[in-house]
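Novice: The following block contains the structure, expressed as structure tokens.
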Amino acid sequence: MRLPVYDGKRNLYTADLLPFTSKEFTVTLADEYDGLDTIKEHEFKVTIEFVGCTSMHQLNEFLSGKRINTPHEALTIIDTVLRELAAKRYLSFGRLFYSPDIQRPHQLGGGLHTWRGFYQSIRPTQMGLSLNIDMSASAFIEPLPVIEFVTQVLGKDVRSRSLSDADCVKVKKALRGIKVEVTHRGNTRRKYRISGLSSQPTRELIFPLDEQKNMKSVIEYFQEMYGFTIQHSHLPCLQVGNQKKVNYLPMEACKIVEGQRYTKRLNEKQITSLLKVTCKRPSEQETEILQIVHQNGYNQDPHAEEFGIKIDNKPATVDARVLPAPWLKYNDTGKVKQHLPQQGQWNMINKKVINGSTVNYWACINFSRSVQESAARGFCRQLVQMCQVSGMEFNPQPIIPIHTAQPDQVKKALKHVFNSATNKLEGRELELLIAILPDNNGSLYGDLKRICETDLGLISQCCLTKYVLKVSRQYLANVSLKINVKMGGRNTVLLDAVSLKIPMVSDIPTIIFGADVTHPEKGEESSPSIAAVVASQDWPEVTKYAGLVSAQAHRQEIIQELFKTWQDPEMGTVSGGMIRELLLSFKRATGQKPLRIIFYRDGVSDGQFYHVLLYELDAIRKACASLEPSYQPPVTFVVVQKRNHTRLFPSNHNDKKSTDKSGNILPGTVVDSKICHPTDFDFYLCSHAGIQGTSRPAHYHVLWDENNFTADEIQSLTNNLCYTYARCTRSVSVVPPAYYAHLAAYRARFYMEPELSDCMGSQNARTANEQCIRHLPALKEKVKNVMFYC
């Protein structure tokens, strides 16, 4: 007898041939979510048909480095075999498995709680096939009586009072799509999916009982049919089932079905609660992973045994190197002129920024009711002093008095301050706006950034009320770093960059790009994806990055506007695009064209590596050739993956020499063997110091390298760049150009939020390939040449 495994879709795998090539079965299933009172049974014909055999020989050759094409089918089969038992024991979502039994669920508020779970996948590595296990936690809807869930969502008891219109909107949004089971029919626990809420309270609801349109009230129906007396008739009913036949269920007769994952955005309080559950020190995280491996009992799995798969229960041991931190150069006017960071962090005490910017004309708008004018003045004075101490030239007085405004009057307030300052300056421009915002400011932050950066051409620095009222020197120091780079200054540079000692950067003019694509949240089907590209504008320092953004088709991963051409009636064929524009701005800034390109690309999954490389490398080539036909500088294309599930633990958690203060591996730890790809040029780098929880290393894949970097050169360059991030005095977990591209893409989403899509009305007329893409408003020249996104 063969023990098959099923992938949940259309594929069934067996370790050997079945005694038939094709067979048909009849399966009967009851539809319990049809929303009707009669249980419908559906009959299905299932055919099992022999499709083919998959040889494991190609996989063995691939793992030994003899072939470069990944045998995806063989890997999928092994992955499916090891998922089979887990999929029966736990709730599965892709490669994630959850259960309330792994750890006691933790309350998140708003009718949600956490379920602990784990991630599992098979990965080809230099030491053979590896099973990648990592811990996970996710928000699930609590299996509460619906009235209790509604009480938690609204934060008030609803049993004795009617819902307002605003309450109904909130409840309807929270309940739509949730599965519930009825509790008024004894052991008959029929399940339904909520489609909406009734517009009237239960006591006013009537419905046609039969085809003769004889009407009956919901209260009478439940009393006569089930002997169920509705207590809370002031509440609306749940609407379940399809739109053709609307079914009403009283809230008090329904309970939420267990095991429904919450996929919408969590609020800040819920995120904080979730992080408390997931934030485990490295020793605890490792213990939990080992417990899951033991609990899953892979070596007792009959499916694994059937396919001849054995799993080593011990975690893989790998060799690692710790790359040294780079020396940082600060301004010679400071007491400390150069500094060597210890354990990935340092501070600005006795240091001045390498290139301080100048702010002559600035203004402040206070949008917060909680901040008195005197407090706003005091805060601005302290901020100006900190900017001066850190090495900036900063006029102590604003060009006009601090302006107080209502949060809903953002456009009016910005125009007023901008025009008042412009009139006073007689033609010269306001350079910087400091904005004090309420802690919970809704769309205010996004509206302010959109107006300043795409309409007024004004650099802004927002400060939340809680930091204004309780000022700390650390906060002021961090804000001053942000202001300096937004105004065109530089905070620090690598000492080796100044002395022209960085391999593969200092010898010839080199431009470093960062690129990322961010996608809209689930449910926002008409919103575009946002692409961002940043590029270094200073050589040899490679610290200052200009950024560009563009909108593209929903969930499109490849960046569409790296290079483009269009026809102009007067000029003929015109070339443009983000790469071309950034190459030109590099030449304007340095007086030289780049002779080497290093391109860090974030946000690409394993399966799309070469698809993205093919298109985007071609766009880089075309952008270069559009400037000069023979201009083809060598390109190194590196994909950065932060959302991987590889965890690196110290071999001895008690060895203080091999861990940082948080118990994590030391910043600069790099692994490029054993757990890396059998044939690709890749490495894991943990460039940052842990703060809390377990550090996640970034995974870098060098997909294309015409500059012939050695492993040591690209690893050292990447690690050193992580110490040049402008917004703080810490080494960061992802190489800064990729980080900046992510920030720029995130910022650009604010540029389009207030407007409705131009093509919402014609949704039915367009296909998925003919999406109407609403373009982003253009960044003002003054903004796009500085690090506005910091």
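Every chain in the structure tokens has a letter given in the order shown (A, B, ...), and although residue numbers restart at 1 in each chain, ligands are simply numbered from 1 in the order shown.
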Sorted by chain and rising residue number, list the residues of segment 136-173 of chain A at most 7 Å from segment 261-283 of chain A (counting only C-alpha atoms), each with its closest atom pair and distance in Å to one decimal, as a tab-separated table.
Specialist:
residue	atom	partner	partner_atom	distance
A:Ala137	CA	A:Thr278	CA	6.3
A:Ala139	CA	A:Tyr262	CA	5.4
A:Phe140	CA	A:Arg261	CA	4.3
A:Ile141	CA	A:Tyr262	CA	6.0
Novice: Please list as a list in words every residue within 12 Å of Thr76 of chain A, counting only C-alpha atoms and excluding residues in the same chain fewer than 2 positions away.
Specialist: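 The residues satisfying every condition are Val5, Tyr6, Asp7, Asn11, Leu12, Tyr13, Thr54, Met56, Leu59, Thr70, Pro71, His72, Glu73, Ala74, Ile78, Asp79, Thr80, Val81, Leu82, Arg83, Arg95, Ser121, Ile122, Arg123 and Pro124 of chain A.
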Novice: From the set A:Ser136, A:Asn313, A:Gln200, A:Asn360, which residue has the shortest atom-to-atom contact distance to Asn296 of chain A, counting only C-alpha atoms?
Specialist: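 Between A:Ser136, A:Asn313, A:Gln200, A:Asn360, the residue approaching Asn296 of chain A most closely is A:Asn313.
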Novice: Counting only C-alpha atoms, what is within 7 Å of His688 of chain A, bar same-chain residues fewer than 2 positions away, as a PyMOL selection string?
Specialist: chain A and resi 344+667+686+690+731-733
Novice: Please produce a file of the residues just selected, as a PDB file, in the first residue's frame, where the atoms kept are N, CA and C atoms.
Specialist:
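Once everything was written out, this is again15.pdb:
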ATOM      1  N   GLY A 344      28.444  48.098  17.216  1.00  0.00           N
ATOM      2  CA  GLY A 344      27.414  48.616  16.316  1.00  0.00           C
ATOM      3  C   GLY A 344      26.693  49.866  16.766  1.00  0.00           C
ATOM      4  N   PRO A 667      27.498  42.361  15.813  1.00  0.00           N
ATOM      5  CA  PRO A 667      27.318  43.046  14.537  1.00  0.00           C
ATOM      6  C   PRO A 667      28.543  42.827  13.651  1.00  0.00           C
ATOM      7  N   CYS A 686      24.749  39.839   9.486  1.00  0.00           N
ATOM      8  CA  CYS A 686      24.066  40.509  10.596  1.00  0.00           C
ATOM      9  C   CYS A 686      24.903  41.751  10.908  1.00  0.00           C
ATOM     10  N   GLY A 690      21.790  43.814  18.253  1.00  0.00           N
ATOM     11  CA  GLY A 690      20.425  43.533  18.696  1.00  0.00           C
ATOM     12  C   GLY A 690      19.993  44.511  19.774  1.00  0.00           C
ATOM     13  N   SER A 731      24.754  51.022  13.513  1.00  0.00           N
ATOM     14  CA  SER A 731      24.806  50.302  12.239  1.00  0.00           C
ATOM     15  C   SER A 731      23.434  49.682  12.035  1.00  0.00           C
ATOM     16  N   VAL A 732      22.967  49.649  10.803  1.00  0.00           N
ATOM     17  CA  VAL A 732      21.603  49.175  10.536  1.00  0.00           C
ATOM     18  C   VAL A 732      21.622  47.778   9.933  1.00  0.00           C
ATOM     19  N   SER A 733      20.449  47.149   9.917  1.00  0.00           N
ATOM     20  CA  SER A 733      20.358  45.737   9.543  1.00  0.00           C
ATOM     21  C   SER A 733      20.345  45.500   8.035  1.00  0.00           C
TER      22      SER A 733
END
Novice: So which one's closest to Asp134 of chain A, A:Arg473, A:Lys449, A:Arg116, A:Arg89? Using only C-alpha atoms, please.
Specialist: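 Using only C-alpha atoms, the shortest distance to Asp134 of chain A belongs to A:Arg116.
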Novice: Between A:Leu666, A:Leu562, A:Val169, A:Leu175, single out the one closest to Leu617 of chain A, counting only C-alpha atoms.
Specialist: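 When distances to Leu617 of chain A are compared using only C-alpha atoms, the smallest one comes from A:Leu562.
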Novice: For segment 580-595 of chain A, find every residue with an atom within 7 Å (counting only C-alpha atoms), except residues of its own chain fewer than 3 positions away, and show them as a PyMOL selection string.
Specialist: chain A and resi 508-511+535+537-539+563+576-577+623-624+633
Novice: Just checking: using only C-alpha atoms, which residue out of A:Tyr445, A:Tyr615, A:Tyr475, A:Tyr248 ends up closest to Asn347 of chain A?
Specialist: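 Selected residue with least distance to Asn347 of chain A: A:Tyr475.
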Novice: Using only C-alpha atoms, pick whichever of A:Leu129, A:Met135, A:Ala405, A:Val410 has the shortest atom-to-atom distance to Leu290 of chain A.
Specialist: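 The closest residue to Leu290 of chain A is A:Met135.
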Novice: Looking at only C-alpha atoms, which of A:Val46, A:Ala253, A:Leu96, A:Val171 is the one that sits closest to Gln152 of chain A?
Specialist: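 Of A:Val46, A:Ala253, A:Leu96, A:Val171, the one nearest Gln152 of chain A is A:Val171, counting only C-alpha atoms.
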Novice: Based on the backbone DSSP call, show me all residues of segment 555-588 of chain A assigned alpha helix (DSSP H), as number ranges by chain.
Specialist: A: 578-588
Novice: What's the 9 Å shell around Thr718 of chain A, counting only C-alpha atoms, without same-chain residues fewer than 6 positions away, as a list in words?
Specialist: Leu685, Ser687, Val734, Val735 and Pro736 of chain A
Novice: For those residues, write N, CA and C atoms to a file as a CSV table (one decimal), in the first residue's frame.
Specialist:
chain,number,residue,atom,x,y,z
A,685,LEU,N,24.4,38.4,6.4
A,685,LEU,CA,25.2,39.4,7.2
A,685,LEU,C,24.3,40.0,8.2
A,687,SER,N,24.5,42.9,10.3
A,687,SER,CA,25.3,44.1,10.4
A,687,SER,C,25.0,45.0,11.6
A,734,VAL,N,20.1,46.5,7.3
A,734,VAL,CA,20.0,46.4,5.8
A,734,VAL,C,20.9,47.6,5.2
A,735,VAL,N,21.6,47.3,4.1
A,735,VAL,CA,22.5,48.3,3.5
A,735,VAL,C,21.7,49.6,3.2
A,736,PRO,N,22.2,50.7,3.7
A,736,PRO,CA,21.4,52.0,3.6
A,736,PRO,C,20.8,52.3,2.3
Novice: Just want the 10 Å neighbourhood of Asp507 of chain A, counted on only C-alpha atoms, with same-chain residues fewer than 3 positions away dropped. Output as a VMD selection string.
Specialist: chain A and resid 500 to 504 510 540 595 to 596
Novice: Show which residues sit within 12 Å of segment 674-681 of chain A, as a CSV table (one decimal) with N, CA, C and O atoms, in the first residue's frame. Count only C-alpha atoms, and ignore same-chain residues fewer than 3 positions away.
Specialist:
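Writing the result to around26.csv gives the following:
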chain,number,residue,atom,x,y,z
A,59,LEU,N,18.3,16.7,-8.7
A,59,LEU,CA,18.5,17.4,-7.4
A,59,LEU,C,19.8,17.1,-6.8
A,59,LEU,O,20.5,18.0,-6.3
A,60,ASN,N,20.3,15.8,-6.8
A,60,ASN,CA,21.6,15.5,-6.3
A,60,ASN,C,22.7,16.2,-7.0
A,60,ASN,O,23.7,16.7,-6.4
A,61,GLU,N,22.6,16.3,-8.4
A,61,GLU,CA,23.6,17.0,-9.2
A,61,GLU,C,23.6,18.5,-8.8
A,61,GLU,O,24.7,19.1,-8.7
A,62,PHE,N,22.4,19.1,-8.6
A,62,PHE,CA,22.3,20.5,-8.2
A,62,PHE,C,22.9,20.8,-6.8
A,62,PHE,O,23.7,21.7,-6.7
A,63,LEU,N,22.7,19.9,-5.9
A,63,LEU,CA,23.2,20.0,-4.5
A,63,LEU,C,24.7,19.9,-4.5
A,63,LEU,O,25.4,20.5,-3.7
A,64,SER,N,25.3,19.1,-5.4
A,64,SER,CA,26.7,18.9,-5.5
A,64,SER,C,27.4,20.0,-6.4
A,64,SER,O,28.6,19.9,-6.6
A,65,GLY,N,26.6,20.9,-6.9
A,65,GLY,CA,27.2,22.0,-7.7
A,65,GLY,C,27.4,21.7,-9.1
A,65,GLY,O,28.1,22.5,-9.8
A,66,LYS,N,26.9,20.5,-9.6
A,66,LYS,CA,27.2,20.1,-11.0
A,66,LYS,C,26.3,20.7,-12.0
A,66,LYS,O,26.5,20.7,-13.2
A,67,ARG,N,25.1,21.3,-11.5
A,67,ARG,CA,24.2,22.0,-12.4
A,67,ARG,C,23.7,23.2,-11.7
A,67,ARG,O,23.6,23.3,-10.5
A,68,ILE,N,23.3,24.2,-12.5
A,68,ILE,CA,22.9,25.5,-11.9
A,68,ILE,C,21.4,25.7,-11.9
A,68,ILE,O,20.9,26.6,-11.2
A,69,ASN,N,20.6,25.0,-12.7
A,69,ASN,CA,19.2,25.2,-12.8
A,69,ASN,C,18.5,24.5,-11.6
A,69,ASN,O,18.7,23.3,-11.4
A,70,THR,N,17.8,25.2,-10.8
A,70,THR,CA,17.1,24.6,-9.6
A,70,THR,C,16.0,23.6,-10.0
A,70,THR,O,15.1,24.0,-10.8
A,122,ILE,N,11.8,23.8,2.9
A,122,ILE,CA,13.0,23.0,2.4
A,122,ILE,C,13.9,24.0,1.6
A,122,ILE,O,13.3,24.6,0.7
A,123,ARG,N,15.2,24.0,1.9
A,123,ARG,CA,16.0,24.9,1.2
A,123,ARG,C,17.3,24.1,0.7
A,123,ARG,O,17.9,23.4,1.5
A,124,PRO,N,17.6,24.3,-0.6
A,124,PRO,CA,18.9,23.7,-1.0
A,124,PRO,C,20.1,24.5,-0.5
A,124,PRO,O,20.1,25.7,-0.6
A,125,THR,N,21.0,23.8,0.1
A,125,THR,CA,22.2,24.5,0.7
A,125,THR,C,23.5,23.8,0.3
A,125,THR,O,23.4,22.7,-0.2
A,126,GLN,N,24.6,24.4,0.7
A,126,GLN,CA,25.9,23.7,0.3
A,126,GLN,C,26.1,22.4,1.1
A,126,GLN,O,26.9,21.6,0.7
A,127,MET,N,25.4,22.2,2.2
A,127,MET,CA,25.5,21.0,3.0
A,127,MET,C,24.4,20.0,2.6
A,127,MET,O,24.2,19.0,3.3
A,128,GLY,N,23.7,20.3,1.5
A,128,GLY,CA,22.6,19.4,1.1
A,128,GLY,C,21.2,20.1,1.4
A,128,GLY,O,21.2,21.3,1.5
A,129,LEU,N,20.2,19.3,1.4
A,129,LEU,CA,18.9,19.8,1.7
A,129,LEU,C,18.8,20.2,3.2
A,129,LEU,O,19.2,19.4,4.1
A,130,SER,N,18.2,21.4,3.5
A,130,SER,CA,18.1,21.9,4.8
A,130,SER,C,16.6,22.2,5.1
A,130,SER,O,15.9,22.7,4.2
A,131,LEU,N,16.2,21.9,6.3
A,131,LEU,CA,14.8,22.2,6.8
A,131,LEU,C,14.9,23.5,7.6
A,131,LEU,O,15.6,23.5,8.6
A,132,ASN,N,14.3,24.5,7.0
A,132,ASN,CA,14.4,25.9,7.7
A,132,ASN,C,13.1,26.0,8.6
A,132,ASN,O,12.0,26.0,8.1
A,315,PRO,N,20.4,21.5,15.3
A,315,PRO,CA,20.6,22.6,14.4
A,315,PRO,C,21.9,22.6,13.7
A,315,PRO,O,22.9,22.0,14.3
A,316,ALA,N,22.0,23.1,12.5
A,316,ALA,CA,23.3,23.1,11.8
A,316,ALA,C,24.3,24.0,12.4
A,316,ALA,O,24.0,25.1,12.9
A,317,THR,N,25.6,23.6,12.5
A,317,THR,CA,26.6,24.4,13.0
A,317,THR,C,27.4,24.9,11.9
A,317,THR,O,27.8,24.2,10.9
A,318,VAL,N,27.6,26.3,11.9
A,318,VAL,CA,28.3,26.9,10.7
A,318,VAL,C,29.5,27.8,11.3
A,318,VAL,O,29.4,28.3,12.4
A,319,ASP,N,30.5,27.9,10.4
A,319,ASP,CA,31.5,28.9,10.7
A,319,ASP,C,31.1,30.3,10.3
A,319,ASP,O,30.5,30.5,9.3
A,320,ALA,N,31.5,31.2,11.1
A,320,ALA,CA,31.2,32.6,10.8
A,320,ALA,C,32.4,33.5,11.0
A,320,ALA,O,33.3,33.1,11.8
A,606,ASP,N,12.7,34.7,-3.9
A,606,ASP,CA,13.6,33.8,-4.6
A,606,ASP,C,13.2,33.4,-6.0
A,606,ASP,O,14.0,33.4,-7.0
A,609,PHE,N,14.0,36.1,-8.9
A,609,PHE,CA,15.4,36.7,-9.0
A,609,PHE,C,15.8,37.0,-10.4
A,609,PHE,O,16.1,38.1,-10.8
A,610,TYR,N,15.7,36.0,-11.3
A,610,TYR,CA,16.3,36.1,-12.6
A,610,TYR,C,15.3,36.8,-13.6
A,610,TYR,O,15.7,37.5,-14.5
A,636,THR,N,27.2,45.6,-10.9
A,636,THR,CA,27.0,44.5,-9.9
A,636,THR,C,25.6,44.6,-9.3
A,636,THR,O,25.3,45.7,-8.8
A,637,PHE,N,24.8,43.6,-9.5
A,637,PHE,CA,23.4,43.6,-9.1
A,637,PHE,C,23.2,42.6,-7.9
A,637,PHE,O,23.4,41.4,-8.0
A,638,VAL,N,22.9,43.2,-6.8
A,638,VAL,CA,22.7,42.5,-5.5
A,638,VAL,C,21.3,42.6,-5.0
A,638,VAL,O,20.8,43.7,-4.8
A,639,VAL,N,20.7,41.4,-4.7
A,639,VAL,CA,19.4,41.4,-4.1
A,639,VAL,C,19.5,41.3,-2.6
A,639,VAL,O,20.3,40.5,-2.1
A,646,THR,N,16.0,32.6,8.3
A,646,THR,CA,17.2,32.1,8.9
A,646,THR,C,17.6,32.8,10.2
A,646,THR,O,17.6,34.0,10.2
A,647,ARG,N,17.9,32.1,11.2
A,647,ARG,CA,18.3,32.6,12.5
A,647,ARG,C,19.7,32.1,12.8
A,647,ARG,O,19.9,30.9,12.7
A,648,LEU,N,20.6,33.0,13.2
A,648,LEU,CA,21.9,32.6,13.6
A,648,LEU,C,22.1,32.8,15.1
A,648,LEU,O,21.9,33.9,15.6
A,670,VAL,N,29.2,37.4,9.5
A,670,VAL,CA,28.9,37.1,8.2
A,670,VAL,C,29.1,35.5,8.0
A,670,VAL,O,30.0,35.0,8.5
A,671,VAL,N,28.1,34.9,7.3
A,671,VAL,CA,28.2,33.5,7.0
A,671,VAL,C,28.0,33.3,5.5
A,671,VAL,O,27.1,33.8,4.9
A,684,TYR,N,24.9,35.6,4.3
A,684,TYR,CA,24.1,36.2,5.4
A,684,TYR,C,25.0,37.2,6.1
A,684,TYR,O,26.1,36.9,6.5
A,685,LEU,N,24.4,38.4,6.4
A,685,LEU,CA,25.2,39.4,7.2
A,685,LEU,C,24.3,40.0,8.2
A,685,LEU,O,23.2,40.5,8.0
A,699,HIS,N,19.9,38.6,4.0
A,699,HIS,CA,20.5,37.6,3.0
A,699,HIS,C,20.8,38.4,1.7
A,699,HIS,O,19.8,38.9,1.1
A,700,TYR,N,22.0,38.4,1.3
A,700,TYR,CA,22.4,39.1,0.1
A,700,TYR,C,22.8,38.1,-1.0
A,700,TYR,O,23.5,37.2,-0.7
A,701,HIS,N,22.2,38.3,-2.2
A,701,HIS,CA,22.5,37.4,-3.3
A,701,HIS,C,23.1,38.3,-4.4
A,701,HIS,O,22.4,39.2,-4.9
A,702,VAL,N,24.3,38.0,-4.8
A,702,VAL,CA,25.0,38.7,-5.9
A,702,VAL,C,24.6,38.0,-7.2
A,702,VAL,O,25.1,36.9,-7.5
A,703,LEU,N,23.6,38.6,-7.9
A,703,LEU,CA,23.0,37.9,-9.1
A,703,LEU,C,23.8,38.1,-10.3
A,703,LEU,O,23.8,37.3,-11.3
A,704,TRP,N,24.5,39.3,-10.4
A,704,TRP,CA,25.3,39.6,-11.6
A,704,TRP,C,26.5,40.5,-11.1
A,704,TRP,O,26.3,41.4,-10.3
A,705,ASP,N,27.7,40.2,-11.6
A,705,ASP,CA,28.8,40.9,-11.1
A,705,ASP,C,29.9,41.0,-12.2
A,705,ASP,O,30.7,40.2,-12.4
A,708,ASN,N,33.6,41.9,-10.7
A,708,ASN,CA,34.4,40.9,-10.2
A,708,ASN,C,34.8,41.1,-8.7
A,708,ASN,O,36.0,41.0,-8.3
A,709,PHE,N,33.8,41.4,-7.9
A,709,PHE,CA,34.1,41.5,-6.5
A,709,PHE,C,34.5,40.1,-5.9
A,709,PHE,O,33.9,39.1,-6.3
A,710,THR,N,35.4,40.1,-5.0
A,710,THR,CA,35.6,38.9,-4.2
A,710,THR,C,34.6,38.9,-3.1
A,710,THR,O,33.9,39.9,-2.8
A,711,ALA,N,34.4,37.7,-2.5
A,711,ALA,CA,33.4,37.6,-1.4
A,711,ALA,C,33.7,38.6,-0.3
A,711,ALA,O,32.8,39.3,0.2
A,712,ASP,N,35.0,38.7,0.0
A,712,ASP,CA,35.4,39.6,1.1
A,712,ASP,C,35.1,41.1,0.8
A,712,ASP,O,34.7,41.8,1.7
A,714,ILE,N,32.8,42.5,-1.3
A,714,ILE,CA,31.3,42.9,-1.3
A,714,ILE,C,30.8,42.8,0.1
A,714,ILE,O,29.9,43.6,0.5
A,715,GLN,N,31.2,41.8,0.9
A,715,GLN,CA,30.8,41.7,2.3
A,715,GLN,C,31.3,42.9,3.1
A,715,GLN,O,30.5,43.5,3.9
Novice: How many Å lie between atom CA of Val218 of chain A and atom CA of Gln260 of chain A, rounded to one decimal?
Specialist: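 Distance between the two atoms: 28.2 Å.
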Novice: What is the distance, in Å and to one decimal place, between atom CA of Val640 of chain A and atom CA of Ser529 of chain A?
Specialist: 18.8 Å
Novice: Which value, in Å to one decimal, gives the distance between atom CA of Val389 of chain A and atom CA of Lys352 of chain A?
Specialist: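 Straight-line distance from atom CA of Val389 of chain A to atom CA of Lys352 of chain A works out to 7.3 Å.
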